[in-house]
Amino acid sequence: MSCHRLGQTVMSYRKKKGMTIREFADYAGISTSLISQIERGQANPSLNVLELIARALNVPLYTLFINEIDPQALISKKRDRQKVYRENSDHIVYDILTPDFLKAHIELLMMDLNAHASTTEGHYSHTNKEEIAVVMKGEAYVELEGVEYFLDEGDVVRIPPNVNHRFINKGNQANHILFVLTPALF
């Protein structure tokens with residue numbers, strides 16, 4: 001990885017925190033000149049310095065290195081998609097639609113829920129994720145905090161963090177539900 005890309009990443013995170021170079025340097029315990037050199041791609045920081053930077057930014061160390069962009073990784077071909085199976089793989093399958101999944105700050109999944117099936121026996125909730133679900137084909141019920149709501153094709157539901165939920169297909173046909181989740185950004 002080039003020092004220039006690393007510097008851009010550090011600067012981007014620092015600016016998102018709303019800190020000047022001086023404020024960030026004081027907070028991280030690193031000299032202002034070293035931070036400036038790193039951000040301009042003119043310094044090759046040691047692992048200790050990178051750990052201080054990551055801690056000050058409140059991000060895992062590896063995130064400073066995942067900004068390399070492979071244009072081919074930005075495309076998700078249907079034939080190459082990974083599938084995720086939940087409790088009962090006979091009834092529910094998720095296709096991971098997000099290109100370059102590990103580097104993305106958003107998750108895009110397509111769920112195929114077979115007839116007379118539900119996503120879980122109990123309920124599911126996301127601690128630090130917000131979820132949007134769109135019924136793309138068929139009809140479904142979403143259960144939010146124990147109350148069922150009917151969703152027709154094209155209907156959308158927003159599920160905030162910590163809301164108990166599950167999806168139920170009471171029909172005779174499989175349905176397809178598109179999910180967009182925003183993962184916690186550390």
# chains A, B, ... in the order shown; residues from 1 in each chain; ligands from 1
call {"tool": "residues_around", "arguments": {"residues": "Asn164 of chain A", "least_positions_apart": "3", "cutoff": "8 Å", "atoms": "only C-alpha atoms", "output": "list in words"}}
result
His123, Tyr124, Ser125, Glu143, Leu144, Glu145 and Gly146 of chain A
call {"tool": "residues_around", "arguments": {"residues": "Ser31 of chain A", "least_positions_apart": "6", "cutoff": "10 Å", "atoms": "only C-alpha atoms", "output": "VMD selection string"}}
result
chain A and resid 21 to 22 24 to 25
call {"tool": "residues_around", "arguments": {"residues": "Glu39 of chain A", "least_positions_apart": "5", "cutoff": "10 Å", "atoms": "only C-alpha atoms", "output": "list of chain:residue names"}}
result
A:Cys3, A:His4, A:Arg5, A:Leu6, A:Gly7, A:Gln8, A:Thr9, A:Val10, A:Met11, A:Ser12, A:Arg14, A:Ile21, A:Ser33, A:Leu34
call {"tool": "select_by_dssp", "arguments": {"residues": "chain A", "states": "helix (DSSP H, G or I)", "output": "JSON, numbers by chain"}}
result
{"A": [3, 4, 5, 6, 7, 8, 9, 10, 11, 12, 13, 14, 15, 16, 21, 22, 23, 24, 25, 26, 27, 28, 32, 33, 34, 35, 36, 37, 38, 39, 47, 48, 49, 50, 51, 52, 53, 54, 55, 56, 57, 61, 62, 63, 64, 65, 71, 72, 73, 74, 78, 79, 80, 101, 102, 103]}
call {"tool": "atom_distance", "arguments": {"atom1": "atom CA of Glu107 of chain A", "atom2": "atom CA of Val157 of chain A"}}
result
15.9 Å
call {"tool": "select_by_dssp", "arguments": {"residues": "chain A", "states": "strand (DSSP E)", "output": "PyMOL selection string"}}
result
chain A and resi 83-85+92-96+107-113+117-118+130-137+140-144+147-151+156-159+165-169+175-182
call {"tool": "residues_around", "arguments": {"residues": "Leu181 of chain A", "least_positions_apart": "3", "cutoff": "7 Å", "atoms": "only C-alpha atoms", "output": "PyMOL selection string"}}
result
chain A and resi 106-108+129-132
call {"tool": "closest_residue", "arguments": {"among": "A:Leu97, A:Ala133, A:Lys170, A:Ser36", "to": "Asp155 of chain A", "atoms": "only C-alpha atoms"}}
result
A:Ala133
call {"tool": "atom_distance", "arguments": {"atom1": "atom CA of Val163 of chain A", "atom2": "atom CA of Phe150 of chain A"}}
result
17.3 Å
call {"tool": "residues_around", "arguments": {"residues": "segment 46-49 of chain A", "least_positions_apart": "5", "cutoff": "10 Å", "atoms": "only C-alpha atoms", "output": "number ranges by chain"}}
result
A: 28-30, 34-35, 54-55, 61
call {"tool": "write_last_selection", "arguments": {"atoms": "C-alpha atoms", "output": "mmCIF file, in the first residue's frame"}}
result
data_model
loop_
_atom_site.group_PDB
_atom_site.id
_atom_site.type_symbol
_atom_site.label_atom_id
_atom_site.label_comp_id
_atom_site.auth_asym_id
_atom_site.auth_seq_id
_atom_site.Cartn_x
_atom_site.Cartn_y
_atom_site.Cartn_z
ATOM 1 C CA ALA A 28 -3.269 10.794 19.551
ATOM 2 C CA GLY A 29 -0.011 11.711 21.303
ATOM 3 C CA ILE A 30 1.853 12.142 18.017
ATOM 4 C CA LEU A 34 4.403 13.610 11.732
ATOM 5 C CA ILE A 35 0.619 13.613 11.240
ATOM 6 C CA ALA A 54 -6.218 3.899 14.942
ATOM 7 C CA ARG A 55 -6.919 4.187 18.670
ATOM 8 C CA LEU A 61 -6.042 -0.863 12.773
#
call {"tool": "closest_residue", "arguments": {"among": "A:Ser118, A:Glu153, A:Asp112, A:Ala104", "to": "Pro183 of chain A", "atoms": "only C-alpha atoms"}}
result
A:Ala104
call {"tool": "closest_residue", "arguments": {"among": "A:Glu51, A:Pro161, A:Asn175, A:Tyr62", "to": "Ala117 of chain A", "atoms": "only C-alpha atoms"}}
result
A:Asn175
call {"tool": "closest_residue", "arguments": {"among": "A:Lys17, A:Asn172, A:Pro45, A:Gly154", "to": "Asn58 of chain A", "atoms": "only C-alpha atoms"}}
result
A:Lys17
